[in-house]
Amino acid sequence: MYNINGDKMKERILNILKENNNQLISGSSIAKKLNVTRSYVNKIIISLKEDGYNIEQYNRSGYIYKDCIKVIDEKEICDNINKKKDILFFEKINSTNTYLKEIAKDKTINNKLVIANFQSNGRGRLGRTFISEKTCGIYMSLLLRPDISLNNITKVTCLTAVAIKNAILELTNLNPLIKWVNDIYINNKKVSGILVESSIENNQLDYLIIGIGINVYKREFDESIKNIATSIEDEGNMIISRNELIAKIINNIDTYLDNFYNNIFMEDYRNSSCVIGKKVELNMHGKYIDVVVKDINLDGELIVDTKDEINKVIYSGEITRMVINDK
Ligand code: BTN
């Protein structure tokens, strides 16, 4: 949105605010120092606040810089990731998954993490939209070329769900659970979704893109998802750092991928399921059936009882309704 001068001005105003040691500073004194108008200063400060800087604004007297906990800081993320990655940050992008898909044609690209502060066309499973409001969440995708067989791809979604669940557990006092196959729930509402996309060549996996969306801070949810979506801030009444959460998730993914065949993350996945033992409605490619979930096997498949079949194995589909407390 800003040209180079605008970005430079952002940096200079931020420095002046920070140097003022959490004390009030007037818009006119900032404007005087930089030889610009007060309204220009105000415009830049609004934009800094949109980026996540916590700056208090007092209409008549000025501004106080508080903190930057909501700001995505590439260096902080990079410093806390154990296995180095090529990280790219976008203030705005259509979709981090789509971006990686486009560049994945170049087979030398691997281990690349793309993070955005806003997505104009965030994509969810089954062709849905993932609304990715500015400075409210984590929108990131990881491109990998792991040496795994095609029938193990579903397990990568499971592994990612466990990585997110455990990272949230480490940073909050919340109890995130996993709704088969790719959603993280807190207090019966969705807080995060995963979109794993793959490319197969000559019957072998060429690449995987692991897309992760997490609602981290409070925001107005669209009418259509208001009753089923939530954020970490809403549920935990706390503001956590997206940088810390991102680094923890990536470190967890790397650890589980390194130990892919020992199935420890699959046991964790099953133990963290909020659907085992529940009556649910399944959408199986457009056909809706009521089932009771008995288990999830080590391949990430759902074992269910239907009205005519015991222990039916469900390879893919979506749980569209959960019956909570048998009501
Ligand atoms: C779902 O809930 O159906 C999956 C949502 C996945 C959203 C993430 S946000 C980052 C990445 N880029 C996208 O366009 N989608 C994924």
# chains A, B, ... in the order shown; residues from 1 in each chain; ligands from 1

$ residues_near_ligand --ligand "ligand 1" --cutoff "6 Å" --atoms "only C-alpha atoms and all ligand atoms" --output "PDB file with all heavy atoms, in the first residue's frame"
ATOM      1  N   SER A  95      -2.913 -16.256  -1.971  1.00  0.00           N
ATOM      2  CA  SER A  95      -2.939 -17.447  -1.114  1.00  0.00           C
ATOM      3  C   SER A  95      -1.515 -17.998  -1.040  1.00  0.00           C
ATOM      4  O   SER A  95      -0.846 -18.125  -2.077  1.00  0.00           O
ATOM      5  CB  SER A  95      -3.881 -18.488  -1.724  1.00  0.00           C
ATOM      6  OG  SER A  95      -3.438 -19.796  -1.455  1.00  0.00           O
ATOM      7  N   THR A  96      -1.062 -18.314   0.155  1.00  0.00           N
ATOM      8  CA  THR A  96       0.312 -18.834   0.303  1.00  0.00           C
ATOM      9  C   THR A  96       0.429 -20.204  -0.365  1.00  0.00           C
ATOM     10  O   THR A  96       1.471 -20.536  -0.927  1.00  0.00           O
ATOM     11  CB  THR A  96       0.707 -18.912   1.793  1.00  0.00           C
ATOM     12  OG1 THR A  96      -0.314 -19.618   2.506  1.00  0.00           O
ATOM     13  CG2 THR A  96       0.907 -17.543   2.401  1.00  0.00           C
ATOM     14  N   ASN A  97      -0.656 -21.008  -0.357  1.00  0.00           N
ATOM     15  CA  ASN A  97      -0.625 -22.303  -1.052  1.00  0.00           C
ATOM     16  C   ASN A  97      -0.489 -22.100  -2.561  1.00  0.00           C
ATOM     17  O   ASN A  97       0.311 -22.757  -3.223  1.00  0.00           O
ATOM     18  CB  ASN A  97      -1.912 -23.100  -0.776  1.00  0.00           C
ATOM     19  CG  ASN A  97      -1.750 -24.084   0.368  1.00  0.00           C
ATOM     20  OD1 ASN A  97      -1.148 -23.755   1.388  1.00  0.00           O
ATOM     21  ND2 ASN A  97      -2.280 -25.284   0.218  1.00  0.00           N
ATOM     22  N   GLY A 122      -7.669 -16.756   0.358  1.00  0.00           N
ATOM     23  CA  GLY A 122      -7.285 -17.932   1.141  1.00  0.00           C
ATOM     24  C   GLY A 122      -8.200 -19.096   0.786  1.00  0.00           C
ATOM     25  O   GLY A 122      -9.410 -18.922   0.666  1.00  0.00           O
ATOM     26  N   ARG A 123      -7.612 -20.261   0.595  1.00  0.00           N
ATOM     27  CA  ARG A 123      -8.395 -21.420   0.174  1.00  0.00           C
ATOM     28  C   ARG A 123      -8.485 -22.466   1.268  1.00  0.00           C
ATOM     29  O   ARG A 123      -7.518 -22.732   1.973  1.00  0.00           O
ATOM     30  CB  ARG A 123      -7.767 -22.046  -1.075  1.00  0.00           C
ATOM     31  CG  ARG A 123      -7.776 -21.119  -2.274  1.00  0.00           C
ATOM     32  CD  ARG A 123      -7.325 -21.818  -3.535  1.00  0.00           C
ATOM     33  NE  ARG A 123      -5.910 -22.134  -3.544  1.00  0.00           N
ATOM     34  CZ  ARG A 123      -5.423 -23.360  -3.461  1.00  0.00           C
ATOM     35  NH1 ARG A 123      -6.220 -24.411  -3.343  1.00  0.00           N
ATOM     36  NH2 ARG A 123      -4.115 -23.566  -3.490  1.00  0.00           N
ATOM     37  N   GLY A 124      -9.692 -23.065   1.399  1.00  0.00           N
ATOM     38  CA  GLY A 124      -9.889 -24.150   2.351  1.00  0.00           C
ATOM     39  C   GLY A 124     -10.102 -25.453   1.612  1.00  0.00           C
ATOM     40  O   GLY A 124      -9.992 -25.505   0.374  1.00  0.00           O
ATOM     41  N   ARG A 125     -10.420 -26.497   2.342  1.00  0.00           N
ATOM     42  CA  ARG A 125     -10.697 -27.790   1.704  1.00  0.00           C
ATOM     43  C   ARG A 125     -11.987 -27.702   0.897  1.00  0.00           C
ATOM     44  O   ARG A 125     -12.830 -26.861   1.151  1.00  0.00           O
ATOM     45  CB  ARG A 125     -10.852 -28.877   2.778  1.00  0.00           C
ATOM     46  CG  ARG A 125      -9.533 -29.450   3.227  1.00  0.00           C
ATOM     47  CD  ARG A 125      -9.787 -30.534   4.235  1.00  0.00           C
ATOM     48  NE  ARG A 125      -9.958 -31.847   3.629  1.00  0.00           N
ATOM     49  CZ  ARG A 125     -10.863 -32.732   4.041  1.00  0.00           C
ATOM     50  NH1 ARG A 125     -11.702 -32.444   5.008  1.00  0.00           N
ATOM     51  NH2 ARG A 125     -10.932 -33.919   3.466  1.00  0.00           N
ATOM     52  N   PHE A 130     -11.060 -19.566   2.692  1.00  0.00           N
ATOM     53  CA  PHE A 130     -10.615 -19.422   4.083  1.00  0.00           C
ATOM     54  C   PHE A 130     -10.392 -17.927   4.312  1.00  0.00           C
ATOM     55  O   PHE A 130      -9.443 -17.336   3.801  1.00  0.00           O
ATOM     56  CB  PHE A 130      -9.328 -20.221   4.329  1.00  0.00           C
ATOM     57  CG  PHE A 130      -8.897 -20.210   5.765  1.00  0.00           C
ATOM     58  CD1 PHE A 130      -9.443 -21.103   6.687  1.00  0.00           C
ATOM     59  CD2 PHE A 130      -7.956 -19.290   6.217  1.00  0.00           C
ATOM     60  CE1 PHE A 130      -9.058 -21.075   8.026  1.00  0.00           C
ATOM     61  CE2 PHE A 130      -7.570 -19.265   7.546  1.00  0.00           C
ATOM     62  CZ  PHE A 130      -8.118 -20.162   8.449  1.00  0.00           C
ATOM     63  N   TYR A 139      -1.299 -17.385   8.480  1.00  0.00           N
ATOM     64  CA  TYR A 139      -1.601 -17.906   7.148  1.00  0.00           C
ATOM     65  C   TYR A 139      -0.252 -18.303   6.566  1.00  0.00           C
ATOM     66  O   TYR A 139       0.554 -17.422   6.211  1.00  0.00           O
ATOM     67  CB  TYR A 139      -2.289 -16.842   6.278  1.00  0.00           C
ATOM     68  CG  TYR A 139      -3.342 -16.050   7.053  1.00  0.00           C
ATOM     69  CD1 TYR A 139      -3.223 -14.682   7.261  1.00  0.00           C
ATOM     70  CD2 TYR A 139      -4.435 -16.708   7.627  1.00  0.00           C
ATOM     71  CE1 TYR A 139      -4.168 -13.971   8.002  1.00  0.00           C
ATOM     72  CE2 TYR A 139      -5.381 -16.014   8.370  1.00  0.00           C
ATOM     73  CZ  TYR A 139      -5.236 -14.646   8.554  1.00  0.00           C
ATOM     74  OH  TYR A 139      -6.157 -13.961   9.304  1.00  0.00           O
ATOM     75  N   MET A 140       0.027 -19.590   6.551  1.00  0.00           N
ATOM     76  CA  MET A 140       1.357 -19.981   6.072  1.00  0.00           C
ATOM     77  C   MET A 140       1.311 -21.325   5.353  1.00  0.00           C
ATOM     78  O   MET A 140       0.408 -22.137   5.573  1.00  0.00           O
ATOM     79  CB  MET A 140       2.350 -20.066   7.239  1.00  0.00           C
ATOM     80  CG  MET A 140       2.088 -21.155   8.245  1.00  0.00           C
ATOM     81  SD  MET A 140       3.446 -21.179   9.445  1.00  0.00           S
ATOM     82  CE  MET A 140       2.909 -22.448  10.567  1.00  0.00           C
ATOM     83  N   SER A 141       2.302 -21.532   4.484  1.00  0.00           N
ATOM     84  CA  SER A 141       2.402 -22.793   3.735  1.00  0.00           C
ATOM     85  C   SER A 141       3.859 -23.210   3.666  1.00  0.00           C
ATOM     86  O   SER A 141       4.757 -22.370   3.540  1.00  0.00           O
ATOM     87  CB  SER A 141       1.878 -22.618   2.315  1.00  0.00           C
ATOM     88  OG  SER A 141       0.561 -22.120   2.330  1.00  0.00           O
ATOM     89  N   GLY A 193      -7.466 -24.679  10.445  1.00  0.00           N
ATOM     90  CA  GLY A 193      -7.691 -25.672   9.384  1.00  0.00           C
ATOM     91  C   GLY A 193      -6.401 -25.908   8.609  1.00  0.00           C
ATOM     92  O   GLY A 193      -5.495 -25.064   8.601  1.00  0.00           O
ATOM     93  N   ILE A 194      -6.351 -27.050   7.977  1.00  0.00           N
ATOM     94  CA  ILE A 194      -5.143 -27.453   7.243  1.00  0.00           C
ATOM     95  C   ILE A 194      -5.542 -27.830   5.814  1.00  0.00           C
ATOM     96  O   ILE A 194      -6.540 -28.521   5.610  1.00  0.00           O
ATOM     97  CB  ILE A 194      -4.502 -28.697   7.924  1.00  0.00           C
ATOM     98  CG1 ILE A 194      -4.118 -28.378   9.364  1.00  0.00           C
ATOM     99  CG2 ILE A 194      -3.285 -29.193   7.136  1.00  0.00           C
ATOM    100  CD1 ILE A 194      -3.974 -29.630  10.221  1.00  0.00           C
ATOM    101  N   LEU A 195      -4.765 -27.363   4.856  1.00  0.00           N
ATOM    102  CA  LEU A 195      -4.999 -27.755   3.465  1.00  0.00           C
ATOM    103  C   LEU A 195      -3.694 -28.301   2.899  1.00  0.00           C
ATOM    104  O   LEU A 195      -2.769 -27.540   2.609  1.00  0.00           O
ATOM    105  CB  LEU A 195      -5.456 -26.532   2.647  1.00  0.00           C
ATOM    106  CG  LEU A 195      -5.658 -26.756   1.151  1.00  0.00           C
ATOM    107  CD1 LEU A 195      -6.820 -27.700   0.878  1.00  0.00           C
ATOM    108  CD2 LEU A 195      -5.905 -25.419   0.436  1.00  0.00           C
ATOM    109  N   GLY A 211      -0.600 -26.261   3.971  1.00  0.00           N
ATOM    110  CA  GLY A 211      -1.145 -24.928   4.242  1.00  0.00           C
ATOM    111  C   GLY A 211      -1.823 -24.914   5.605  1.00  0.00           C
ATOM    112  O   GLY A 211      -2.612 -25.811   5.929  1.00  0.00           O
ATOM    113  N   ILE A 212      -1.497 -23.902   6.385  1.00  0.00           N
ATOM    114  CA  ILE A 212      -2.041 -23.824   7.757  1.00  0.00           C
ATOM    115  C   ILE A 212      -2.687 -22.461   7.976  1.00  0.00           C
ATOM    116  O   ILE A 212      -2.077 -21.417   7.721  1.00  0.00           O
ATOM    117  CB  ILE A 212      -0.896 -24.010   8.786  1.00  0.00           C
ATOM    118  CG1 ILE A 212      -0.294 -25.404   8.639  1.00  0.00           C
ATOM    119  CG2 ILE A 212      -1.393 -23.772  10.218  1.00  0.00           C
ATOM    120  CD1 ILE A 212       0.921 -25.639   9.513  1.00  0.00           C
ATOM    121  N   GLY A 213      -3.928 -22.478   8.436  1.00  0.00           N
ATOM    122  CA  GLY A 213      -4.604 -21.225   8.795  1.00  0.00           C
ATOM    123  C   GLY A 213      -5.041 -21.318  10.247  1.00  0.00           C
ATOM    124  O   GLY A 213      -5.656 -22.313  10.651  1.00  0.00           O
TER     125      GLY A 213
END

$ select_by_dssp --residues "region 18-180 of chain A" --states "alpha helix (DSSP H)" --output "compact mmCIF listing (two decimals) with N, CA and C atoms, in the first residue's frame"
# COMPACT_ATOMS: atom_id res chain seq x y z
N LYS A 18 9.20 4.57 19.74
CA LYS A 18 9.90 3.64 20.63
C LYS A 18 10.89 4.38 21.51
N GLU A 19 11.62 5.34 20.91
CA GLU A 19 12.62 6.09 21.67
C GLU A 19 11.99 6.88 22.80
N GLY A 27 1.43 14.32 18.14
CA GLY A 27 1.52 14.18 16.69
C GLY A 27 2.29 15.35 16.09
N SER A 28 2.08 16.56 16.66
CA SER A 28 2.75 17.72 16.06
C SER A 28 4.26 17.67 16.28
N SER A 29 4.71 17.12 17.42
CA SER A 29 6.18 17.08 17.59
C SER A 29 6.80 16.03 16.66
N ILE A 30 6.08 14.91 16.41
CA ILE A 30 6.60 13.92 15.44
C ILE A 30 6.65 14.58 14.06
N ALA A 31 5.55 15.28 13.73
CA ALA A 31 5.44 15.91 12.40
C ALA A 31 6.59 16.91 12.20
N LYS A 32 6.88 17.67 13.26
CA LYS A 32 7.93 18.71 13.18
C LYS A 32 9.30 18.05 12.94
N LYS A 33 9.56 16.98 13.70
CA LYS A 33 10.85 16.29 13.56
C LYS A 33 11.07 15.79 12.14
N LEU A 34 9.97 15.37 11.48
CA LEU A 34 10.10 14.73 10.16
C LEU A 34 9.72 15.65 9.00
N ARG A 38 0.73 16.82 10.39
CA ARG A 38 0.20 15.98 11.49
C ARG A 38 -0.73 14.91 10.94
N SER A 39 -1.49 15.28 9.91
CA SER A 39 -2.44 14.28 9.40
C SER A 39 -1.70 13.13 8.70
N TYR A 40 -0.53 13.44 8.12
CA TYR A 40 0.28 12.37 7.51
C TYR A 40 0.79 11.43 8.60
N VAL A 41 1.23 12.02 9.72
CA VAL A 41 1.70 11.20 10.85
C VAL A 41 0.57 10.28 11.30
N ASN A 42 -0.62 10.87 11.41
CA ASN A 42 -1.77 10.09 11.87
C ASN A 42 -2.07 8.93 10.92
N LYS A 43 -1.97 9.21 9.63
CA LYS A 43 -2.23 8.18 8.62
C LYS A 43 -1.22 7.02 8.76
N ILE A 44 0.04 7.38 8.97
CA ILE A 44 1.07 6.34 9.10
C ILE A 44 0.84 5.53 10.38
N ILE A 45 0.43 6.21 11.43
CA ILE A 45 0.21 5.50 12.70
C ILE A 45 -0.97 4.53 12.57
N ILE A 46 -1.99 4.94 11.86
CA ILE A 46 -3.13 4.02 11.63
C ILE A 46 -2.63 2.77 10.91
N SER A 47 -1.76 2.99 9.92
CA SER A 47 -1.24 1.85 9.16
C SER A 47 -0.35 0.96 10.04
N LEU A 48 0.43 1.57 10.94
CA LEU A 48 1.26 0.77 11.86
C LEU A 48 0.37 -0.08 12.77
N LYS A 49 -0.73 0.53 13.21
CA LYS A 49 -1.65 -0.22 14.08
C LYS A 49 -2.26 -1.40 13.32
N GLU A 50 -2.55 -1.17 12.03
CA GLU A 50 -3.08 -2.27 11.20
C GLU A 50 -2.05 -3.40 11.05
N ASP A 51 -0.76 -3.03 11.09
CA ASP A 51 0.29 -4.05 10.99
C ASP A 51 0.44 -4.84 12.29
N GLU A 74 10.00 -11.74 10.95
CA GLU A 74 10.66 -12.85 10.25
C GLU A 74 11.92 -13.31 10.97
N LYS A 75 12.66 -12.35 11.53
CA LYS A 75 13.93 -12.71 12.17
C LYS A 75 13.67 -13.57 13.41
N GLU A 76 12.66 -13.15 14.18
CA GLU A 76 12.33 -13.91 15.39
C GLU A 76 11.91 -15.34 15.02
N ILE A 77 11.14 -15.48 13.95
CA ILE A 77 10.70 -16.81 13.52
C ILE A 77 11.91 -17.63 13.10
N CYS A 78 12.72 -17.02 12.26
CA CYS A 78 13.90 -17.70 11.71
C CYS A 78 14.84 -18.16 12.83
N ASP A 79 15.07 -17.28 13.83
CA ASP A 79 15.98 -17.62 14.93
C ASP A 79 15.47 -18.77 15.78
N ASN A 80 14.16 -18.99 15.77
CA ASN A 80 13.59 -20.02 16.65
C ASN A 80 13.22 -21.31 15.93
N THR A 96 -1.06 -18.31 0.16
CA THR A 96 0.31 -18.83 0.30
C THR A 96 0.43 -20.20 -0.36
N ASN A 97 -0.66 -21.01 -0.36
CA ASN A 97 -0.63 -22.30 -1.05
C ASN A 97 -0.49 -22.10 -2.56
N THR A 98 -1.31 -21.18 -3.10
CA THR A 98 -1.28 -20.94 -4.55
C THR A 98 0.10 -20.44 -4.97
N TYR A 99 0.69 -19.55 -4.16
CA TYR A 99 2.01 -19.02 -4.49
C TYR A 99 3.02 -20.17 -4.60
N LEU A 100 3.01 -21.05 -3.60
CA LEU A 100 3.99 -22.15 -3.61
C LEU A 100 3.75 -23.11 -4.77
N LYS A 101 2.46 -23.33 -5.08
CA LYS A 101 2.13 -24.21 -6.21
C LYS A 101 2.76 -23.68 -7.49
N GLU A 102 2.70 -22.34 -7.64
CA GLU A 102 3.24 -21.74 -8.86
C GLU A 102 4.75 -21.90 -8.95
N ILE A 103 5.44 -21.75 -7.83
CA ILE A 103 6.91 -21.81 -7.92
C ILE A 103 7.46 -23.23 -7.79
N ILE A 153 0.15 -39.90 2.39
CA ILE A 153 -0.08 -38.45 2.33
C ILE A 153 -1.10 -37.98 3.38
N THR A 154 -2.16 -38.77 3.61
CA THR A 154 -3.16 -38.38 4.62
C THR A 154 -2.50 -38.19 5.98
N LYS A 155 -1.48 -39.01 6.24
CA LYS A 155 -0.81 -38.92 7.55
C LYS A 155 -0.10 -37.57 7.72
N VAL A 156 0.23 -36.93 6.61
CA VAL A 156 0.88 -35.61 6.74
C VAL A 156 -0.13 -34.59 7.28
N THR A 157 -1.40 -34.72 6.88
CA THR A 157 -2.42 -33.84 7.45
C THR A 157 -2.54 -34.12 8.95
N CYS A 158 -2.53 -35.40 9.31
CA CYS A 158 -2.64 -35.77 10.74
C CYS A 158 -1.45 -35.21 11.52
N LEU A 159 -0.27 -35.40 10.95
CA LEU A 159 0.97 -34.93 11.60
C LEU A 159 0.91 -33.41 11.83
N THR A 160 0.38 -32.70 10.83
CA THR A 160 0.30 -31.23 10.95
C THR A 160 -0.70 -30.84 12.03
N ALA A 161 -1.81 -31.57 12.09
CA ALA A 161 -2.82 -31.28 13.11
C ALA A 161 -2.22 -31.45 14.51
N VAL A 162 -1.43 -32.51 14.68
CA VAL A 162 -0.81 -32.75 15.99
C VAL A 162 0.22 -31.65 16.29
N ALA A 163 0.95 -31.23 15.25
CA ALA A 163 1.95 -30.17 15.43
C ALA A 163 1.29 -28.87 15.91
N ILE A 164 0.14 -28.55 15.31
CA ILE A 164 -0.57 -27.31 15.69
C ILE A 164 -1.14 -27.46 17.11
N LYS A 165 -1.78 -28.60 17.33
CA LYS A 165 -2.41 -28.84 18.64
C LYS A 165 -1.38 -28.73 19.76
N ASN A 166 -0.22 -29.35 19.58
CA ASN A 166 0.79 -29.32 20.64
C ASN A 166 1.41 -27.94 20.81
N ALA A 167 1.55 -27.20 19.72
CA ALA A 167 2.12 -25.85 19.82
C ALA A 167 1.14 -24.95 20.61
N ILE A 168 -0.15 -25.08 20.33
CA ILE A 168 -1.14 -24.27 21.08
C ILE A 168 -1.12 -24.67 22.55
N LEU A 169 -1.00 -25.98 22.80
CA LEU A 169 -0.95 -26.47 24.19
C LEU A 169 0.23 -25.86 24.94
N GLU A 170 1.39 -25.77 24.24
CA GLU A 170 2.59 -25.25 24.90
C GLU A 170 2.47 -23.78 25.25
N LEU A 171 1.70 -23.04 24.46
CA LEU A 171 1.67 -21.57 24.64
C LEU A 171 0.45 -21.06 25.40

$ residues_around --residues "Leu144 (chain A)" --least-positions-apart "5" --cutoff "6 Å" --atoms "only C-alpha atoms" --output "PyMOL selection string"
chain A and resi 110-111+207-208

$ atom_distance --atom1 "CA of Val275 (chain A)" --atom2 "CA of Thr129 (chain A)"
24.1 Å

$ residues_around --residues "Ile55 (chain A)" --least-positions-apart "2" --cutoff "6 Å" --atoms "only C-alpha atoms" --output "PyMOL selection string"
chain A and resi 53+64-66

$ write_last_selection --atoms "N, CA, C and O atoms" --output "tab-separated table (two decimals), in the first residue's frame"
chain	number	residue	atom	x	y	z
A	53	TYR	N	1.12	-3.19	15.47
A	53	TYR	CA	1.78	-2.44	16.55
A	53	TYR	C	0.72	-1.92	17.52
A	53	TYR	O	-0.30	-1.39	17.11
A	64	ILE	N	1.12	6.81	22.47
A	64	ILE	CA	2.06	6.07	23.33
A	64	ILE	C	2.32	4.72	22.68
A	64	ILE	O	1.38	3.97	22.38
A	65	TYR	N	3.61	4.41	22.48
A	65	TYR	CA	3.98	3.10	21.94
A	65	TYR	C	3.93	2.07	23.08
A	65	TYR	O	4.51	2.28	24.13
A	66	LYS	N	3.22	0.96	22.87
A	66	LYS	CA	3.10	-0.05	23.92
A	66	LYS	C	3.96	-1.29	23.63
A	66	LYS	O	4.89	-1.58	24.35
